[in-house]
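J.: Sending over a structure as structure tokens; questions will come in a sec.
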Amino acid sequence: MTARDRSRERILDAAEVCLRRDGIRRTTVQAVADEAGLSRVYVYRFFPDKSTLVSAALIRRDEAFWATANARVSAAASFSEMVAEAVAMSSESPLGPLALALAESEPQEFAEVMGTFVHEVVPGLAGFWVEQLTAAQERGLVRADLDVVAGAEWVIRIVVSLVGVPGRAVDITDRASLVAHLDAFLSPAFADA
């Protein structure tokens, strides 16, 4: 881990402490800087505003989450089932217990902060899905010539959309319906012609 990565983690750790203690409304960039033992200007080198900082702190996941996600997604028998598993996990606890508590206690502030969600989450999850798509290629679940980097971003956007913007076309809580929907609309883009 580089010094920059360590500093970013230190800032995110401090932000999490502030969020747990003070909530979104009372957490400030200055409070996070003080908690981290850094200057506010230094924190701004990593996060341009409070919303981005809070969003990043809420999105960050621990190793246990990623191990579980990897096991559940990679065990799926088809590409649609892989994505359905990601949707299920995201629906169960999209950002973990802290985010769920803040969403309940400060819904307006949470919604405002999460406007930066896609800007932070897409790059952060890309590595996970690049690995999943590469493994899916090896298993013959997606086409061999697939651009896994672009495909990874597309999958993330689909998962975020299905979880965050409910629609009438599919009930994401009905696994069979979700897989059928993904088979019809997502899989053709990833499968051999």
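Residue numbering restarts at 1 in every chain; chains get A, B, ... in the order shown in the structure tokens, and ligands count up from 1 in that same order.
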Give me, as a count of residues only, all polymer residues having an atom no more than 10 Å from Leu98 of chain A, counting only C-alpha atoms and skipping those fewer than 6 positions away in the same chain.
T.: 7
J.: Can you tell me, as an mmCIF file with N, CA and C atoms, in the first residue's frame, what residues are no more than 9 Å from Ser90 of chain A when counting only C-alpha atoms, ignoring any on the same chain fewer than 5 positions away?
T.:
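In the end it all went to selection_31.cif:
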data_model
loop_
_atom_site.group_PDB
_atom_site.id
_atom_site.type_symbol
_atom_site.label_atom_id
_atom_site.label_comp_id
_atom_site.auth_asym_id
_atom_site.auth_seq_id
_atom_site.Cartn_x
_atom_site.Cartn_y
_atom_site.Cartn_z
ATOM 1 N N GLU A 85 -27.097 -12.366 -8.047
ATOM 2 C CA GLU A 85 -26.505 -12.504 -6.708
ATOM 3 C C GLU A 85 -25.978 -11.156 -6.220
ATOM 4 N N LEU A 95 -24.805 -0.663 1.651
ATOM 5 C CA LEU A 95 -23.594 0.033 2.101
ATOM 6 C C LEU A 95 -23.176 -0.362 3.506
ATOM 7 N N VAL A 159 -26.463 -3.111 -11.793
ATOM 8 C CA VAL A 159 -26.752 -3.485 -10.406
ATOM 9 C C VAL A 159 -27.231 -2.264 -9.625
ATOM 10 N N VAL A 160 -26.508 -1.160 -9.736
ATOM 11 C CA VAL A 160 -26.888 0.065 -9.023
ATOM 12 C C VAL A 160 -28.283 0.515 -9.452
ATOM 13 N N VAL A 163 -31.056 -1.874 -8.043
ATOM 14 C CA VAL A 163 -31.239 -1.732 -6.600
ATOM 15 C C VAL A 163 -31.770 -0.349 -6.242
#
J.: For a quick check of understanding, using only C-alpha atoms, which of A:Val179, A:Phe190, A:Glu109, A:Val17 has the smallest distance to Asp147 of chain A?
T.: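 Distance minimum relative to Asp147 of chain A lands on A:Phe190.
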J.: Do a neighbour search on Gln132 of chain A at 9 Å with only C-alpha atoms, toss out local chain neighbours closer than 5 positions, and write the hits as a list in words.
T.: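 The neighbour list is Asn70, Val73, Ser74, Met82, Gly127, Gln137, Val148 and Ala152 of chain A.
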J.: Would you list the contacts of Trp154 of chain A as a ChimeraX atom specification, taking every protein, DNA or RNA residue within 12 Å and counting only C-alpha atoms, but skipping same-chain residues closer than 4 positions in sequence?
T.: /A:83,122-123,125-126,129-130,133,146-150,158-161,186-187,189-190
J.: For atom CA of Phe110 of chain A and atom CA of Ser55 of chain A, quote the distance in Å rounded to one decimal.
T.: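 That distance, rounded to one decimal, is 8.9 Å.
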J.: Fewer than 3 positions away in the same chain doesn't count, so skip those; otherwise give me all residues within 12 Å of His181 of chain A, counting only C-alpha atoms, as a PDB file with N, CA, C and O atoms, in the first residue's frame.
T.:
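The result, stored in part.pdb:
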ATOM      1  N   SER A  80     -26.256 -14.423 -15.725  1.00  0.00           N
ATOM      2  CA  SER A  80     -27.423 -13.739 -15.154  1.00  0.00           C
ATOM      3  C   SER A  80     -27.540 -14.016 -13.662  1.00  0.00           C
ATOM      4  O   SER A  80     -27.880 -13.126 -12.879  1.00  0.00           O
ATOM      5  N   GLU A  81     -27.237 -15.235 -13.256  1.00  0.00           N
ATOM      6  CA  GLU A  81     -27.294 -15.577 -11.831  1.00  0.00           C
ATOM      7  C   GLU A  81     -26.186 -14.869 -11.048  1.00  0.00           C
ATOM      8  O   GLU A  81     -26.381 -14.512  -9.883  1.00  0.00           O
ATOM      9  N   VAL A  83     -25.032 -11.834 -11.712  1.00  0.00           N
ATOM     10  CA  VAL A  83     -25.506 -10.464 -11.528  1.00  0.00           C
ATOM     11  C   VAL A  83     -26.680 -10.446 -10.544  1.00  0.00           C
ATOM     12  O   VAL A  83     -26.759  -9.549  -9.688  1.00  0.00           O
ATOM     13  N   ALA A  84     -27.554 -11.417 -10.618  1.00  0.00           N
ATOM     14  CA  ALA A  84     -28.675 -11.503  -9.671  1.00  0.00           C
ATOM     15  C   ALA A  84     -28.160 -11.620  -8.243  1.00  0.00           C
ATOM     16  O   ALA A  84     -28.723 -11.025  -7.315  1.00  0.00           O
ATOM     17  N   ILE A 158     -25.770  -1.524 -14.020  1.00  0.00           N
ATOM     18  CA  ILE A 158     -27.017  -2.290 -14.018  1.00  0.00           C
ATOM     19  C   ILE A 158     -27.414  -2.643 -12.580  1.00  0.00           C
ATOM     20  O   ILE A 158     -28.575  -2.482 -12.185  1.00  0.00           O
ATOM     21  N   LEU A 162     -30.777  -1.362 -10.783  1.00  0.00           N
ATOM     22  CA  LEU A 162     -31.809  -2.286 -10.317  1.00  0.00           C
ATOM     23  C   LEU A 162     -32.101  -2.113  -8.829  1.00  0.00           C
ATOM     24  O   LEU A 162     -33.253  -2.182  -8.404  1.00  0.00           O
ATOM     25  N   GLY A 167     -38.355  -0.477 -10.555  1.00  0.00           N
ATOM     26  CA  GLY A 167     -39.213  -0.320 -11.721  1.00  0.00           C
ATOM     27  C   GLY A 167     -40.337  -1.339 -11.703  1.00  0.00           C
ATOM     28  O   GLY A 167     -40.454  -2.144 -10.776  1.00  0.00           O
ATOM     29  N   ARG A 168     -41.129  -1.316 -12.745  1.00  0.00           N
ATOM     30  CA  ARG A 168     -42.260  -2.236 -12.841  1.00  0.00           C
ATOM     31  C   ARG A 168     -41.922  -3.491 -13.627  1.00  0.00           C
ATOM     32  O   ARG A 168     -42.647  -4.472 -13.567  1.00  0.00           O
ATOM     33  N   ALA A 169     -40.855  -3.451 -14.408  1.00  0.00           N
ATOM     34  CA  ALA A 169     -40.541  -4.568 -15.302  1.00  0.00           C
ATOM     35  C   ALA A 169     -40.057  -5.807 -14.563  1.00  0.00           C
ATOM     36  O   ALA A 169     -40.232  -6.923 -15.047  1.00  0.00           O
ATOM     37  N   VAL A 170     -39.454  -5.625 -13.392  1.00  0.00           N
ATOM     38  CA  VAL A 170     -38.902  -6.767 -12.671  1.00  0.00           C
ATOM     39  C   VAL A 170     -38.955  -6.510 -11.162  1.00  0.00           C
ATOM     40  O   VAL A 170     -38.722  -5.392 -10.708  1.00  0.00           O
ATOM     41  N   ASP A 171     -39.278  -7.551 -10.433  1.00  0.00           N
ATOM     42  CA  ASP A 171     -39.264  -7.519  -8.972  1.00  0.00           C
ATOM     43  C   ASP A 171     -37.926  -8.110  -8.543  1.00  0.00           C
ATOM     44  O   ASP A 171     -37.711  -9.324  -8.658  1.00  0.00           O
ATOM     45  N   ILE A 172     -37.029  -7.260  -8.059  1.00  0.00           N
ATOM     46  CA  ILE A 172     -35.686  -7.760  -7.727  1.00  0.00           C
ATOM     47  C   ILE A 172     -35.686  -8.687  -6.522  1.00  0.00           C
ATOM     48  O   ILE A 172     -34.707  -9.371  -6.281  1.00  0.00           O
ATOM     49  N   ASP A 174     -37.774 -11.178  -6.311  1.00  0.00           N
ATOM     50  CA  ASP A 174     -38.181 -12.471  -6.872  1.00  0.00           C
ATOM     51  C   ASP A 174     -37.034 -12.980  -7.741  1.00  0.00           C
ATOM     52  O   ASP A 174     -36.845 -12.532  -8.865  1.00  0.00           O
ATOM     53  N   ARG A 175     -36.257 -13.903  -7.192  1.00  0.00           N
ATOM     54  CA  ARG A 175     -35.028 -14.361  -7.851  1.00  0.00           C
ATOM     55  C   ARG A 175     -35.285 -14.878  -9.265  1.00  0.00           C
ATOM     56  O   ARG A 175     -34.550 -14.544 -10.193  1.00  0.00           O
ATOM     57  N   ALA A 176     -36.293 -15.675  -9.460  1.00  0.00           N
ATOM     58  CA  ALA A 176     -36.577 -16.240 -10.789  1.00  0.00           C
ATOM     59  C   ALA A 176     -36.924 -15.139 -11.787  1.00  0.00           C
ATOM     60  O   ALA A 176     -36.460 -15.152 -12.931  1.00  0.00           O
ATOM     61  N   SER A 177     -37.717 -14.176 -11.346  1.00  0.00           N
ATOM     62  CA  SER A 177     -38.084 -13.054 -12.207  1.00  0.00           C
ATOM     63  C   SER A 177     -36.857 -12.222 -12.569  1.00  0.00           C
ATOM     64  O   SER A 177     -36.690 -11.798 -13.718  1.00  0.00           O
ATOM     65  N   LEU A 178     -36.004 -11.980 -11.601  1.00  0.00           N
ATOM     66  CA  LEU A 178     -34.791 -11.198 -11.835  1.00  0.00           C
ATOM     67  C   LEU A 178     -33.866 -11.902 -12.824  1.00  0.00           C
ATOM     68  O   LEU A 178     -33.359 -11.287 -13.770  1.00  0.00           O
ATOM     69  N   ALA A 184     -32.969 -12.015 -20.473  1.00  0.00           N
ATOM     70  CA  ALA A 184     -33.565 -11.371 -21.642  1.00  0.00           C
ATOM     71  C   ALA A 184     -32.824 -10.113 -22.086  1.00  0.00           C
ATOM     72  O   ALA A 184     -32.665  -9.874 -23.285  1.00  0.00           O
ATOM     73  N   PHE A 185     -32.332  -9.328 -21.137  1.00  0.00           N
ATOM     74  CA  PHE A 185     -31.813  -8.019 -21.499  1.00  0.00           C
ATOM     75  C   PHE A 185     -30.321  -7.812 -21.281  1.00  0.00           C
ATOM     76  O   PHE A 185     -29.713  -6.995 -21.957  1.00  0.00           O
ATOM     77  N   LEU A 186     -29.722  -8.517 -20.349  1.00  0.00           N
ATOM     78  CA  LEU A 186     -28.301  -8.326 -20.074  1.00  0.00           C
ATOM     79  C   LEU A 186     -27.445  -9.399 -20.751  1.00  0.00           C
ATOM     80  O   LEU A 186     -26.461  -9.077 -21.407  1.00  0.00           O
ATOM     81  N   SER A 187     -27.819 -10.625 -20.582  1.00  0.00           N
ATOM     82  CA  SER A 187     -27.010 -11.721 -21.115  1.00  0.00           C
ATOM     83  C   SER A 187     -26.718 -11.629 -22.607  1.00  0.00           C
ATOM     84  O   SER A 187     -25.601 -11.941 -23.022  1.00  0.00           O
ATOM     85  N   PRO A 188     -27.676 -11.196 -23.443  1.00  0.00           N
ATOM     86  CA  PRO A 188     -27.355 -11.121 -24.889  1.00  0.00           C
ATOM     87  C   PRO A 188     -26.154 -10.223 -25.201  1.00  0.00           C
ATOM     88  O   PRO A 188     -25.422 -10.483 -26.148  1.00  0.00           O
TER      89      PRO A 188
END
J.: Quick one: distance from atom CA of Thr27 of chain A to atom CA of Ser51 of chain A in Å, one decimal?
T.: 10.3 Å
J.: Please list as a VMD selection string every residue within 12 Å of Arg139 of chain A, counting only C-alpha atoms and excluding residues in the same chain fewer than 4 positions away.
T.: chain A and resid 74 to 79 132 to 135 143 to 144
J.: Using only all heavy atoms, please write the residues we just selected to a file, as a short mmCIF file (atom, residue, chain, number, x, y, z; two decimals), in the first residue's frame.
T.:
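Below is the file result29.cif, written as the result:
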data_model
loop_
_atom_site.label_atom_id
_atom_site.label_comp_id
_atom_site.auth_asym_id
_atom_site.auth_seq_id
_atom_site.Cartn_x
_atom_site.Cartn_y
_atom_site.Cartn_z
N SER A 74 -19.23 -15.80 -7.66
CA SER A 74 -18.50 -16.76 -8.50
C SER A 74 -19.11 -18.17 -8.47
O SER A 74 -18.85 -18.97 -9.35
CB SER A 74 -17.02 -16.80 -8.13
OG SER A 74 -16.85 -17.25 -6.81
N ALA A 75 -19.93 -18.47 -7.47
CA ALA A 75 -20.57 -19.79 -7.39
C ALA A 75 -21.79 -19.90 -8.30
O ALA A 75 -22.30 -21.01 -8.51
CB ALA A 75 -20.98 -20.08 -5.95
N ALA A 76 -22.25 -18.79 -8.84
CA ALA A 76 -23.45 -18.82 -9.68
C ALA A 76 -23.20 -19.63 -10.96
O ALA A 76 -22.09 -19.65 -11.50
CB ALA A 76 -23.86 -17.39 -10.04
N ALA A 77 -24.24 -20.28 -11.44
CA ALA A 77 -24.12 -21.18 -12.58
C ALA A 77 -24.19 -20.47 -13.93
O ALA A 77 -23.77 -21.03 -14.94
CB ALA A 77 -25.22 -22.24 -12.52
N SER A 78 -24.71 -19.26 -13.95
CA SER A 78 -24.80 -18.52 -15.22
C SER A 78 -24.44 -17.06 -14.97
O SER A 78 -24.41 -16.60 -13.81
CB SER A 78 -26.22 -18.60 -15.80
OG SER A 78 -27.12 -17.81 -15.02
N PHE A 79 -24.21 -16.33 -16.04
CA PHE A 79 -23.87 -14.92 -15.91
C PHE A 79 -25.04 -14.14 -15.29
O PHE A 79 -24.84 -13.32 -14.39
CB PHE A 79 -23.48 -14.32 -17.27
CG PHE A 79 -23.17 -12.86 -17.19
CD1 PHE A 79 -22.12 -12.39 -16.43
CD2 PHE A 79 -23.96 -11.94 -17.87
CE1 PHE A 79 -21.85 -11.04 -16.34
CE2 PHE A 79 -23.70 -10.59 -17.79
CZ PHE A 79 -22.64 -10.13 -17.02
N GLN A 132 -14.49 -10.99 -11.90
CA GLN A 132 -15.63 -11.88 -12.10
C GLN A 132 -15.86 -12.17 -13.57
O GLN A 132 -16.13 -13.31 -13.96
CB GLN A 132 -16.90 -11.27 -11.48
CG GLN A 132 -16.87 -11.17 -9.98
CD GLN A 132 -16.76 -12.53 -9.29
OE1 GLN A 132 -17.29 -13.53 -9.76
NE2 GLN A 132 -16.07 -12.55 -8.17
N LEU A 133 -15.75 -11.15 -14.42
CA LEU A 133 -15.96 -11.36 -15.85
C LEU A 133 -14.84 -12.17 -16.48
O LEU A 133 -15.09 -12.99 -17.37
CB LEU A 133 -16.14 -10.01 -16.57
CG LEU A 133 -17.47 -9.33 -16.32
CD1 LEU A 133 -17.47 -7.91 -16.90
CD2 LEU A 133 -18.62 -10.14 -16.90
N THR A 134 -13.62 -11.97 -16.02
CA THR A 134 -12.50 -12.77 -16.51
C THR A 134 -12.72 -14.25 -16.17
O THR A 134 -12.54 -15.13 -17.01
CB THR A 134 -11.17 -12.26 -15.94
OG1 THR A 134 -10.99 -10.89 -16.33
CG2 THR A 134 -9.99 -13.08 -16.42
N ALA A 135 -13.13 -14.51 -14.94
CA ALA A 135 -13.44 -15.89 -14.53
C ALA A 135 -14.62 -16.44 -15.32
O ALA A 135 -14.62 -17.62 -15.70
CB ALA A 135 -13.71 -15.95 -13.03
N ARG A 143 -18.74 -14.21 -23.56
CA ARG A 143 -17.95 -14.40 -24.77
C ARG A 143 -16.47 -14.08 -24.52
O ARG A 143 -16.12 -13.22 -23.71
CB ARG A 143 -18.50 -13.59 -25.93
CG ARG A 143 -18.44 -12.12 -25.79
CD ARG A 143 -19.03 -11.45 -27.07
NE ARG A 143 -18.65 -10.08 -27.12
CZ ARG A 143 -19.35 -9.08 -26.62
NH1 ARG A 143 -20.51 -9.32 -26.05
NH2 ARG A 143 -18.91 -7.85 -26.71
N ALA A 144 -15.62 -14.77 -25.25
CA ALA A 144 -14.17 -14.66 -25.06
C ALA A 144 -13.62 -13.31 -25.47
O ALA A 144 -12.61 -12.86 -24.92
CB ALA A 144 -13.46 -15.77 -25.85
#
J.: Grab the atom CA of Ile24 of chain A to atom CA of Thr173 of chain A distance for me, in Å with one decimal place.
T.: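 Distance reported for this atom pair: 29.3 Å.
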J.: Would you list, as number ranges by chain, the residues of chain A that end up in helix (DSSP H, G or I) under DSSP run on this structure's backbone?
T.: A: 3-26, 29-36, 40-46, 50-59, 63-74, 79-92, 97-105, 107-138, 148-164, 175-185, 187-190
J.: Which of these residues is nearest to Ser39 of chain A, using only C-alpha atoms: A:Arg60, A:Ala99, A:Asp13, A:Ser7?
T.: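 The shortest atom-to-atom distance to Ser39 of chain A comes from A:Ser7.
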J.: Counting only C-alpha atoms, which residue out of A:Ala69, A:Thr2, A:Val87, A:Ala101 sits closest to Arg21 of chain A?
T.: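 For Arg21 of chain A, the nearest of the candidates is A:Ala101.
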